[in-house]
Amino acid sequence: MQKAVFEGLVFDEAENPIPVVYVGNDPTYVVVDHGFKYHVDAQRVDDQVIAAFVEQMQANKGMVSDAIMKMMGKDDLFTKASVDSSLKNADKQMAQLHTTGIPEQAREYLGMMGFKIVIDRHGDIISLTTPSAAEPEE
């Protein structure tokens with residue numbers, strides 16, 4: 001069964017949270033616009049967000065790779081090769097989120113950190129707000 005990957009993190013243009021409703025086995029985000037309910041395919045919205053993540057990771061591959069290795073506490077050639085391989089296949093791994101979803105606690109944490117997706121009634125992303133790392137204090 002498919003899941004709405006970013007459930008609880010998607011809002012309409014008026015900043016109202018958008019609920020998820022299943023039509024059969026397919027999750028949809030329900031956007032209410034002037035009293036009409038528009039059921040937007042959740043995978044369509046989620047794919048746009050995932051594509052933006054993958055694009056950002058690919059554009060900053062070196063920095064992302066270094067950060068992952070630092071978090072792991074490893075700095076050897078084999079770990080670097082493994083991390084680089086994972087980043088190279090990030091789009092395939094991200095696509096698996098449609099079946100596994102993101103755990104509820106992780107979504108709540110993302111929301112508290114300011115992560116927000118704003119869509120229109122067609123499911124097009126109007127804005128994508130992602131938490132940024134805090135600037136180091138001087």
# chains A, B, ... in the order shown; residues from 1 in each chain; ligands from 1
call {"tool": "select_by_dssp", "arguments": {"residues": "chain A", "states": "strand (DSSP E)", "output": "PyMOL selection string"}}
result
chain A and resi 10-11+20-23+26-33+36-41+116-119+125-129
call {"tool": "write_last_selection", "arguments": {"atoms": "N, CA and C atoms", "output": "compact mmCIF listing (two decimals), in the first residue's frame"}}
result
# COMPACT_ATOMS: atom_id res chain seq x y z
N VAL A 10 2.22 19.21 4.55
CA VAL A 10 1.74 19.84 3.33
C VAL A 10 0.61 20.81 3.69
N PHE A 11 0.68 22.03 3.11
CA PHE A 11 -0.27 23.09 3.42
C PHE A 11 -0.79 23.69 2.12
N VAL A 20 -4.80 14.00 4.54
CA VAL A 20 -4.60 12.90 3.59
C VAL A 20 -5.83 11.99 3.66
N VAL A 21 -6.37 11.66 2.50
CA VAL A 21 -7.50 10.75 2.40
C VAL A 21 -7.12 9.68 1.38
N TYR A 22 -7.50 8.44 1.67
CA TYR A 22 -7.20 7.35 0.73
C TYR A 22 -8.39 7.12 -0.19
N VAL A 23 -8.11 7.08 -1.48
CA VAL A 23 -9.10 6.73 -2.48
C VAL A 23 -8.69 5.34 -2.95
N ASP A 26 -4.86 4.44 -2.81
CA ASP A 26 -4.03 5.57 -3.20
C ASP A 26 -4.24 6.76 -2.27
N PRO A 27 -3.14 7.26 -1.67
CA PRO A 27 -3.27 8.45 -0.81
C PRO A 27 -3.41 9.71 -1.65
N THR A 28 -4.27 10.62 -1.18
CA THR A 28 -4.42 11.91 -1.84
C THR A 28 -4.37 13.01 -0.79
N TYR A 29 -3.81 14.14 -1.17
CA TYR A 29 -3.88 15.34 -0.34
C TYR A 29 -5.16 16.06 -0.76
N VAL A 30 -5.98 16.46 0.20
CA VAL A 30 -7.26 17.10 -0.11
C VAL A 30 -7.13 18.61 0.10
N VAL A 31 -7.10 19.33 -1.01
CA VAL A 31 -6.99 20.78 -0.99
C VAL A 31 -8.39 21.36 -1.12
N VAL A 32 -8.79 22.19 -0.16
CA VAL A 32 -10.09 22.85 -0.21
C VAL A 32 -9.88 24.25 -0.75
N ASP A 33 -10.53 24.54 -1.88
CA ASP A 33 -10.40 25.86 -2.52
C ASP A 33 -11.80 26.37 -2.86
N PHE A 36 -14.60 23.82 -2.67
CA PHE A 36 -14.45 22.60 -3.46
C PHE A 36 -13.27 21.80 -2.94
N LYS A 37 -13.43 20.50 -2.87
CA LYS A 37 -12.35 19.62 -2.41
C LYS A 37 -11.66 19.01 -3.63
N TYR A 38 -10.38 19.28 -3.74
CA TYR A 38 -9.57 18.73 -4.83
C TYR A 38 -8.68 17.64 -4.26
N HIS A 39 -8.83 16.42 -4.80
CA HIS A 39 -8.00 15.30 -4.36
C HIS A 39 -6.78 15.24 -5.26
N VAL A 40 -5.63 15.57 -4.69
CA VAL A 40 -4.38 15.60 -5.44
C VAL A 40 -3.59 14.34 -5.12
N ASP A 41 -3.16 13.65 -6.15
CA ASP A 41 -2.37 12.43 -5.96
C ASP A 41 -1.14 12.74 -5.11
N LYS A 116 8.15 22.76 5.53
CA LYS A 116 6.78 22.99 5.08
C LYS A 116 6.71 22.96 3.56
N ILE A 117 5.68 22.31 3.06
CA ILE A 117 5.41 22.24 1.63
C ILE A 117 4.08 22.94 1.40
N VAL A 118 4.06 23.93 0.52
CA VAL A 118 2.82 24.62 0.17
C VAL A 118 2.50 24.29 -1.28
N ILE A 119 1.26 23.79 -1.49
CA ILE A 119 0.84 23.41 -2.85
C ILE A 119 -0.44 24.14 -3.23
N ILE A 125 3.92 22.60 -6.42
CA ILE A 125 4.55 23.18 -5.24
C ILE A 125 4.70 24.69 -5.44
N ILE A 126 4.13 25.45 -4.49
CA ILE A 126 4.25 26.90 -4.50
C ILE A 126 5.52 27.29 -3.76
N SER A 127 5.76 26.63 -2.61
CA SER A 127 6.99 26.88 -1.87
C SER A 127 7.37 25.64 -1.08
N LEU A 128 8.66 25.52 -0.86
CA LEU A 128 9.22 24.41 -0.10
C LEU A 128 10.20 25.02 0.90
N THR A 129 9.83 24.97 2.17
CA THR A 129 10.67 25.53 3.22
C THR A 129 11.38 24.40 3.93
call {"tool": "residues_around", "arguments": {"residues": "Lys61 in chain A", "least_positions_apart": "2", "cutoff": "12 Å", "atoms": "only C-alpha atoms", "output": "ChimeraX atom specification"}}
result
/A:53-59,63-68,80,83-90
call {"tool": "select_by_dssp", "arguments": {"residues": "range 22-100 of chain A", "states": "helix (DSSP H, G or I)", "output": "ChimeraX atom specification"}}
result
/A:42-59,61-72,77-88,90-95,97-100
call {"tool": "atom_distance", "arguments": {"atom1": "CA of Val5 in chain A", "atom2": "CA of Gly111 in chain A"}}
result
13.2 Å
call {"tool": "closest_residue", "arguments": {"among": "A:Met71, A:Ile102, A:Val45, A:Leu9", "to": "His122 in chain A", "atoms": "only C-alpha atoms"}}
result
A:Val45
call {"tool": "atom_distance", "arguments": {"atom1": "CA of Pro131 in chain A", "atom2": "CA of Gly114 in chain A"}}
result
5.6 Å
call {"tool": "atom_distance", "arguments": {"atom1": "CA of Gln48 in chain A", "atom2": "CA of Asp124 in chain A"}}
result
8.3 Å
call {"tool": "closest_residue", "arguments": {"among": "A:Glu15, A:Asp47, A:Glu108, A:Asp75", "to": "Met94 in chain A", "atoms": "only C-alpha atoms"}}
result
A:Asp47
call {"tool": "closest_residue", "arguments": {"among": "A:Ala106, A:Ala42, A:Ala4, A:Ala14", "to": "Gly123 in chain A", "atoms": "only C-alpha atoms"}}
result
A:Ala42
